[in-house]
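> Quick one: this structure, given as structure tokens, is what I'll be asking you about.
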Amino acid sequence: MNIPTITSIVTSFNEASDIKTITFTYPGDVSPGQFFMVWIPGVDEIPMSVSFATKTMKGITFRNVGDATLALYQLKKGDKIGIRGPYGNGFSLKGKHLLFVGGGTGIAMLALAIEQARKKKLKATVIIGAKTKNQLFFEGRMRQCGATVLVSTDDGSTGYKGYASELAKHVLKEKHIDAIYTCGPEQMMKTLLLYCKTIPFQASLERYMKCALGLCGQCCIGKGLRVCLDGPVFDGTVLKKIKDFGVYHRDASGRKILF
Ligand SMILES: Cc1cc2nc3c(=O)[nH]c(=O)nc-3n(C[C@H](O)[C@H](O)[C@H](O)COP(=O)(O)OP(=O)(O)OC[C@H]3O[C@@H](n4cnc5c(N)ncnc54)[C@H](O)[C@@H]3O)c2cc1C
Ligand code: FES
């Protein structure tokens, strides 16, 4: 499990501007919210949430933001990558009516959890937030599984004009929500946590990762929590005590970078 398995890309398709999903053969079970370490030979190895999963095939959905994701973006059917994992804890779904809030590529890591909620016949309201209309994705897929989908864009090009967290605040006023699940920009998730008050809350965090095995300490937050092993999904009760949450992350050298 900790040595990359070399596999070939089976499909590669555009989801939105600068966002692609690639699928590859990789057998085994995955819990919604877990991630893989994806090795792009000659470039880098990076963490990616599992956005698509069958018994034999898996998929990841990513935005082209730098060297590794650009290289992934340019790979074609038949090209080789290395996969290790799945790693991390994943979400635990509780309650009858769940609110999912995905900002940017965050909806990619929530997708399997939303589909699992619908399979369990739970009510799912999903907010997908993006900067603008052409960066939205998975809207159709989420509707198809029976979720109620609401969209927000920062520039108002479609859906609610404003941040996904603001739209969530309206939903929380209008509907009885039993639990909130989120992934996206950390300041958005921190704002949501403040709105939640007593509602159970789980958020998936992104930190720079190297080993993904809990050994190197690169992804530590708070007092010794490792995002790769103790997360990436953290409970609201834990996040409330973590000073770094929504404030800073660390780069490859360990230097603090303010959000
Ligand atoms: C658990 C987890 C799940 C993720 N899932 C997704 C996903 O489903 N879709 C998606 O688009 N992105 C996801 N990411 C973010 C993704 O890993 C980074 O965007 C990617 O590593 C950028 O690499 P790059 O070389 O293209 O960009 P770079 O130019 O290296 O960096 C661009 C940005 O990505 C960050 N980054 C670079 N390398 C890493 C690393 N090894 N670990 C974490 N962050 C890094 C940098 O700090 C910088 O902010 C996830 C991150 C984590 C930790
Ligand atoms: S990435 Fe090494 S401890 Fe988490």
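Starting from 1 in every chain, residues are counted up; chains themselves are A, B, ... following the order of the structure tokens, and ligands are numbered from 1 as listed.
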Compute the set of protein, DNA and RNA residues whose minimum atom distance to ligand 2 is at most 8 Å, using only C-alpha atoms and all ligand atoms, and state it as a PyMOL selection string.
chain A and resi 208-220+226-229
> Would you output that residue set with N, CA and C atoms, as a PDB file, in the first residue's frame?

ATOM      1  N   TYR A 208       0.287  20.770   2.878  1.00  0.00           N
ATOM      2  CA  TYR A 208       1.372  20.235   2.058  1.00  0.00           C
ATOM      3  C   TYR A 208       1.763  18.868   2.627  1.00  0.00           C
ATOM      4  N   MET A 209       1.827  17.850   1.767  1.00  0.00           N
ATOM      5  CA  MET A 209       2.122  16.505   2.248  1.00  0.00           C
ATOM      6  C   MET A 209       3.336  15.921   1.546  1.00  0.00           C
ATOM      7  N   LYS A 210       4.078  15.126   2.300  1.00  0.00           N
ATOM      8  CA  LYS A 210       5.223  14.421   1.700  1.00  0.00           C
ATOM      9  C   LYS A 210       5.022  12.912   1.840  1.00  0.00           C
ATOM     10  N   CYS A 211       5.049  12.389   3.086  1.00  0.00           N
ATOM     11  CA  CYS A 211       4.980  10.934   3.227  1.00  0.00           C
ATOM     12  C   CYS A 211       3.542  10.413   3.161  1.00  0.00           C
ATOM     13  N   ALA A 212       2.594  11.167   3.716  1.00  0.00           N
ATOM     14  CA  ALA A 212       1.182  10.756   3.860  1.00  0.00           C
ATOM     15  C   ALA A 212       1.033   9.550   4.792  1.00  0.00           C
ATOM     16  N   LEU A 213       2.103   9.268   5.567  1.00  0.00           N
ATOM     17  CA  LEU A 213       2.099   8.100   6.454  1.00  0.00           C
ATOM     18  C   LEU A 213       2.198   8.487   7.927  1.00  0.00           C
ATOM     19  N   GLY A 214       2.181   9.784   8.202  1.00  0.00           N
ATOM     20  CA  GLY A 214       2.294  10.229   9.588  1.00  0.00           C
ATOM     21  C   GLY A 214       3.720  10.268  10.094  1.00  0.00           C
ATOM     22  N   LEU A 215       4.724  10.175   9.218  1.00  0.00           N
ATOM     23  CA  LEU A 215       6.117  10.071   9.653  1.00  0.00           C
ATOM     24  C   LEU A 215       6.895  11.377   9.592  1.00  0.00           C
ATOM     25  N   CYS A 216       6.721  12.167   8.535  1.00  0.00           N
ATOM     26  CA  CYS A 216       7.623  13.306   8.298  1.00  0.00           C
ATOM     27  C   CYS A 216       7.240  14.553   9.082  1.00  0.00           C
ATOM     28  N   GLY A 217       5.998  14.667   9.488  1.00  0.00           N
ATOM     29  CA  GLY A 217       5.561  15.839  10.255  1.00  0.00           C
ATOM     30  C   GLY A 217       5.229  17.051   9.402  1.00  0.00           C
ATOM     31  N   GLN A 218       5.362  16.941   8.089  1.00  0.00           N
ATOM     32  CA  GLN A 218       5.130  18.079   7.187  1.00  0.00           C
ATOM     33  C   GLN A 218       3.712  18.650   7.303  1.00  0.00           C
ATOM     34  N   CYS A 219       2.726  17.795   7.564  1.00  0.00           N
ATOM     35  CA  CYS A 219       1.329  18.235   7.489  1.00  0.00           C
ATOM     36  C   CYS A 219       0.722  18.532   8.866  1.00  0.00           C
ATOM     37  N   CYS A 220       1.606  18.705   9.909  1.00  0.00           N
ATOM     38  CA  CYS A 220       1.092  18.904  11.272  1.00  0.00           C
ATOM     39  C   CYS A 220       0.289  20.189  11.413  1.00  0.00           C
ATOM     40  N   ARG A 226      -1.732  15.285  12.658  1.00  0.00           N
ATOM     41  CA  ARG A 226      -1.243  15.147  11.279  1.00  0.00           C
ATOM     42  C   ARG A 226      -2.437  15.036  10.341  1.00  0.00           C
ATOM     43  N   VAL A 227      -2.480  15.941   9.365  1.00  0.00           N
ATOM     44  CA  VAL A 227      -3.635  15.950   8.457  1.00  0.00           C
ATOM     45  C   VAL A 227      -3.708  14.643   7.668  1.00  0.00           C
ATOM     46  N   CYS A 228      -2.529  14.065   7.335  1.00  0.00           N
ATOM     47  CA  CYS A 228      -2.547  12.840   6.516  1.00  0.00           C
ATOM     48  C   CYS A 228      -3.093  11.637   7.295  1.00  0.00           C
ATOM     49  N   LEU A 229      -2.875  11.614   8.611  1.00  0.00           N
ATOM     50  CA  LEU A 229      -3.224  10.424   9.395  1.00  0.00           C
ATOM     51  C   LEU A 229      -4.442  10.662  10.292  1.00  0.00           C
TER      52      LEU A 229
END
> For chain A against ligand 1, with a cut-off of 9 Å and counting only C-alpha atoms and all ligand atoms, what is the closest atom pair and its distance in Å to one decimal for every residue that makes the cut, ordered by chain and number, as a Markdown table?

| residue | atom | partner | partner_atom_place_in_ligand_line | distance |
| --- | --- | --- | --- | --- |
| A:Ile19 | CA | ligand 1 | 11 (O) | 7.6 |
| A:Lys20 | CA | ligand 1 | 11 (O) | 8.7 |
| A:Gly33 | CA | ligand 1 | 1 (C) | 8.5 |
| A:Gln34 | CA | ligand 1 | 1 (C) | 7.4 |
| A:Phe35 | CA | ligand 1 | 1 (C) | 5.6 |
| A:Phe36 | CA | ligand 1 | 3 (C) | 7.7 |
| A:Met37 | CA | ligand 1 | 41 (N) | 8.6 |
| A:Val38 | CA | ligand 1 | 17 (O) | 8.9 |
| A:Val43 | CA | ligand 1 | 25 (O) | 8.1 |
| A:Asp44 | CA | ligand 1 | 25 (O) | 6.9 |
| A:Glu45 | CA | ligand 1 | 41 (N) | 6.5 |
| A:Ile46 | CA | ligand 1 | 41 (N) | 4.3 |
| A:Pro47 | CA | ligand 1 | 17 (O) | 4.3 |
| A:Met48 | CA | ligand 1 | 5 (N) | 3.6 |
| A:Ser49 | CA | ligand 1 | 8 (O) | 3.9 |
| A:Val50 | CA | ligand 1 | 8 (O) | 6.5 |
| A:Ser51 | CA | ligand 1 | 8 (O) | 6.8 |
| A:Ile60 | CA | ligand 1 | 8 (O) | 6.0 |
| A:Thr61 | CA | ligand 1 | 9 (N) | 5.3 |
| A:Phe62 | CA | ligand 1 | 11 (O) | 3.2 |
| A:Arg63 | CA | ligand 1 | 11 (O) | 4.2 |
| A:Asn64 | CA | ligand 1 | 26 (O) | 6.2 |
| A:Val65 | CA | ligand 1 | 26 (O) | 4.8 |
| A:Gly66 | CA | ligand 1 | 26 (O) | 3.3 |
| A:Asp67 | CA | ligand 1 | 25 (O) | 4.0 |
| A:Ala68 | CA | ligand 1 | 25 (O) | 3.6 |
| A:Thr69 | CA | ligand 1 | 26 (O) | 3.6 |
| A:Leu70 | CA | ligand 1 | 26 (O) | 5.9 |
| A:Ala71 | CA | ligand 1 | 26 (O) | 7.8 |
| A:Leu72 | CA | ligand 1 | 26 (O) | 8.3 |
| A:Tyr87 | CA | ligand 1 | 1 (C) | 8.4 |
| A:Gly88 | CA | ligand 1 | 1 (C) | 7.7 |
| A:Gly104 | CA | ligand 1 | 11 (O) | 8.6 |
| A:Thr105 | CA | ligand 1 | 11 (O) | 5.5 |
| A:Gly106 | CA | ligand 1 | 8 (O) | 6.8 |
| A:Ile107 | CA | ligand 1 | 8 (O) | 8.2 |
| A:Ala108 | CA | ligand 1 | 8 (O) | 5.4 |
| A:Met109 | CA | ligand 1 | 8 (O) | 5.4 |
| A:Ser204 | CA | ligand 1 | 1 (C) | 7.6 |
| A:Leu205 | CA | ligand 1 | 1 (C) | 6.6 |
| A:Glu206 | CA | ligand 1 | 53 (C) | 3.7 |
| A:Arg207 | CA | ligand 1 | 53 (C) | 4.5 |
| A:Tyr208 | CA | ligand 1 | 43 (C) | 3.2 |
| A:Met209 | CA | ligand 1 | 42 (N) | 4.0 |
| A:Lys210 | CA | ligand 1 | 41 (N) | 5.7 |
| A:Cys211 | CA | ligand 1 | 41 (N) | 9.0 |
| A:Ala212 | CA | ligand 1 | 1 (C) | 8.7 |
| A:Cys219 | CA | ligand 1 | 53 (C) | 8.1 |
| A:Val227 | CA | ligand 1 | 1 (C) | 7.4 |
| A:Cys228 | CA | ligand 1 | 1 (C) | 6.7 |
| A:Gly231 | CA | ligand 1 | 1 (C) | 8.1 |
| A:Pro232 | CA | ligand 1 | 1 (C) | 5.6 |
| A:Val233 | CA | ligand 1 | 1 (C) | 8.8 |
| A:His249 | CA | ligand 1 | 47 (O) | 8.1 |
| A:Arg250 | CA | ligand 1 | 47 (O) | 7.3 |
| A:Asp251 | CA | ligand 1 | 47 (O) | 5.3 |
| A:Ala252 | CA | ligand 1 | 47 (O) | 7.1 |
| A:Ile257 | CA | ligand 1 | 47 (O) | 8.7 |
> Using CA of Leu99 in chain A and CA of Val238 in chain A as the two end points, give the distance in Å to one decimal.
19.4 Å
> Determine which residues of range 9-195 of chain A receive a DSSP assignment of helix (DSSP H, G or I), computed from the backbone, and state them as a VMD selection string.
chain A and resid 67 to 74 106 to 119 133 to 135 139 to 144 164 to 174 186 to 195
> Where does range 9-125 of chain A meet range 158-169 of chain A within 10 Å, residue by residue, with the nearest atom pair and distance in Å to one decimal for each, counting only C-alpha atoms, listed by chain and rising number, as JSON lines?

{"residue": "A:Leu99", "atom": "CA", "partner": "A:Ala168", "partner_atom": "CA", "distance": 8.3}
{"residue": "A:Phe100", "atom": "CA", "partner": "A:Ala168", "partner_atom": "CA", "distance": 9.0}
{"residue": "A:Val101", "atom": "CA", "partner": "A:Ala164", "partner_atom": "CA", "distance": 7.0}
{"residue": "A:Gly102", "atom": "CA", "partner": "A:Ala164", "partner_atom": "CA", "distance": 7.7}
{"residue": "A:Gly103", "atom": "CA", "partner": "A:Ala164", "partner_atom": "CA", "distance": 6.7}
{"residue": "A:Gly104", "atom": "CA", "partner": "A:Ala164", "partner_atom": "CA", "distance": 9.7}
{"residue": "A:Thr125", "atom": "CA", "partner": "A:Ala168", "partner_atom": "CA", "distance": 9.8}
> Can you list, as an mmCIF file with C-alpha atoms, in the first residue's frame, every protein, DNA or RNA residue that comes within 7 Å of range 57-59 of chain A when you count only C-alpha atoms, leaving out same-chain residues fewer than 2 positions away?

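Everything below was put into selection-v7.cif:
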data_model
loop_
_atom_site.group_PDB
_atom_site.id
_atom_site.type_symbol
_atom_site.label_atom_id
_atom_site.label_comp_id
_atom_site.auth_asym_id
_atom_site.auth_seq_id
_atom_site.Cartn_x
_atom_site.Cartn_y
_atom_site.Cartn_z
ATOM 1 C CA THR A 21 -11.169 14.195 -14.048
ATOM 2 C CA ILE A 22 -8.917 11.248 -14.838
ATOM 3 C CA THR A 23 -9.838 7.647 -14.128
ATOM 4 C CA PHE A 24 -7.511 4.651 -13.826
ATOM 5 C CA THR A 25 -7.604 0.979 -12.889
ATOM 6 C CA TYR A 26 -7.064 0.604 -9.130
ATOM 7 C CA PRO A 27 -8.926 -2.109 -7.210
ATOM 8 C CA VAL A 50 -10.832 10.226 -4.545
ATOM 9 C CA SER A 51 -13.708 11.656 -6.607
ATOM 10 C CA PHE A 52 -14.811 8.490 -8.385
ATOM 11 C CA ALA A 53 -14.752 4.888 -7.164
ATOM 12 C CA THR A 54 -15.926 1.475 -8.304
ATOM 13 C CA LYS A 55 -14.524 -1.905 -7.176
ATOM 14 C CA THR A 61 -10.641 15.581 -10.159
#
> Just list as number ranges by chain whatever in range 7-141 of chain A DSSP marks as strand (DSSP E).
A: 7-16, 19-25, 35-40, 44-49, 52-53, 57-63, 80-87, 97-103, 123-130
> Using C-alpha atoms, can you export the residues from the last selection as a JSON list (two decimals), in the first residue's frame?

[["chain", "number", "residue", "atom", "x", "y", "z"],
["A", 7, "THR", "CA", -1.43, 2.10, -13.44],
["A", 8, "SER", "CA", -2.61, 3.60, -16.74],
["A", 9, "ILE", "CA", -5.06, 6.39, -17.37],
["A", 10, "VAL", "CA", -8.32, 5.02, -18.80],
["A", 11, "THR", "CA", -10.25, 8.27, -19.32],
["A", 12, "SER", "CA", -9.43, 11.96, -19.09],
["A", 13, "PHE", "CA", -12.10, 14.58, -19.52],
["A", 14, "ASN", "CA", -12.65, 18.29, -18.94],
["A", 15, "GLU", "CA", -15.09, 19.16, -16.15],
["A", 16, "ALA", "CA", -14.75, 22.95, -16.36],
["A", 19, "ILE", "CA", -10.44, 21.26, -14.20],
["A", 20, "LYS", "CA", -10.19, 17.63, -15.30],
["A", 21, "THR", "CA", -11.17, 14.19, -14.05],
["A", 22, "ILE", "CA", -8.92, 11.25, -14.84],
["A", 23, "THR", "CA", -9.84, 7.65, -14.13],
["A", 24, "PHE", "CA", -7.51, 4.65, -13.83],
["A", 25, "THR", "CA", -7.60, 0.98, -12.89],
["A", 35, "PHE", "CA", -7.18, 10.54, -0.67],
["A", 36, "PHE", "CA", -4.43, 9.03, -2.81],
["A", 37, "MET", "CA", -0.81, 10.06, -3.26],
["A", 38, "VAL", "CA", -0.47, 10.40, -7.03],
["A", 39, "TRP", "CA", 3.02, 10.06, -8.53],
["A", 40, "ILE", "CA", 3.59, 11.74, -11.85],
["A", 44, "ASP", "CA", 6.24, 15.07, -8.23],
["A", 45, "GLU", "CA", 3.95, 13.09, -5.97],
["A", 46, "ILE", "CA", 0.86, 14.98, -4.72],
["A", 47, "PRO", "CA", -2.24, 14.28, -2.59],
["A", 48, "MET", "CA", -5.58, 14.04, -4.42],
["A", 49, "SER", "CA", -9.02, 13.18, -3.05],
["A", 52, "PHE", "CA", -14.81, 8.49, -8.38],
["A", 53, "ALA", "CA", -14.75, 4.89, -7.16],
["A", 57, "MET", "CA", -11.63, 1.82, -11.09],
["A", 58, "LYS", "CA", -10.89, 5.07, -9.29],
["A", 59, "GLY", "CA", -10.76, 8.71, -10.34],
["A", 60, "ILE", "CA", -9.45, 12.10, -9.23],
["A", 61, "THR", "CA", -10.64, 15.58, -10.16],
["A", 62, "PHE", "CA", -8.19, 18.45, -10.03],
["A", 63, "ARG", "CA", -7.47, 22.02, -10.99],
["A", 80, "LYS", "CA", 1.29, 5.85, -16.66],
["A", 81, "ILE", "CA", 0.96, 7.23, -13.11],
["A", 82, "GLY", "CA", 1.72, 5.73, -9.67],
["A", 83, "ILE", "CA", -0.95, 5.54, -6.97],
["A", 84, "ARG", "CA", -0.60, 4.78, -3.27],
["A", 85, "GLY", "CA", -3.38, 4.80, -0.69],
["A", 86, "PRO", "CA", -6.18, 5.36, 0.04],
["A", 87, "TYR", "CA", -5.11, 7.38, 3.07],
["A", 97, "HIS", "CA", -30.80, 16.05, 6.47],
["A", 98, "LEU", "CA", -27.17, 16.85, 5.64],
["A", 99, "LEU", "CA", -25.74, 20.06, 4.19],
["A", 100, "PHE", "CA", -22.64, 19.73, 2.01],
["A", 101, "VAL", "CA", -20.69, 22.87, 1.09],
["A", 102, "GLY", "CA", -17.97, 22.55, -1.56],
["A", 103, "GLY", "CA", -15.92, 25.59, -2.51],
["A", 123, "LYS", "CA", -31.67, 14.09, 2.46],
["A", 124, "ALA", "CA", -28.73, 16.00, 0.97],
["A", 125, "THR", "CA", -28.61, 19.71, 0.23],
["A", 126, "VAL", "CA", -25.46, 20.58, -1.68],
["A", 127, "ILE", "CA", -23.94, 24.04, -2.18],
["A", 128, "ILE", "CA", -21.38, 24.26, -4.95],
["A", 129, "GLY", "CA", -19.42, 27.51, -4.92],
["A", 130, "ALA", "CA", -17.06, 28.84, -7.57]]
> Hey, what's within 7 Å of Gly246 in chain A if we count only C-alpha atoms and toss same-chain stuff fewer than 4 positions away? As a list in words, please?
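Once the nearby chain positions are removed, what remains is Glu186, Gln187, Lys190 and Phe259 of chain A.
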> Given the choices A:Lys121, A:Leu112, A:Thr5, A:Gly28, which gets closest to Met142 in chain A if the distance is worked out from only C-alpha atoms?
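That would be A:Leu112, the residue with the smallest distance to Met142 in chain A.
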> List the spatial neighbours of Tyr248 in chain A as a ChimeraX atom specification - criterion: any atom at most 9 Å away, only C-alpha atoms, same-chain residues fewer than 3 positions off excluded.
/A:243-245,256-259
> Pick from A:Ser253, A:Gln202, A:Ser31, A:Ser152: nearest to Asn89 in chain A, with only C-alpha atoms counted?
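Using only C-alpha atoms, Asn89 in chain A sits closest to A:Ser31.
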> Record the distance separating CA of Ser157 in chain A and CA of Val171 in chain A, expressed in Å with one decimal.
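So the two atoms, CA of Ser157 in chain A and CA of Val171 in chain A, lie 20.3 Å apart.
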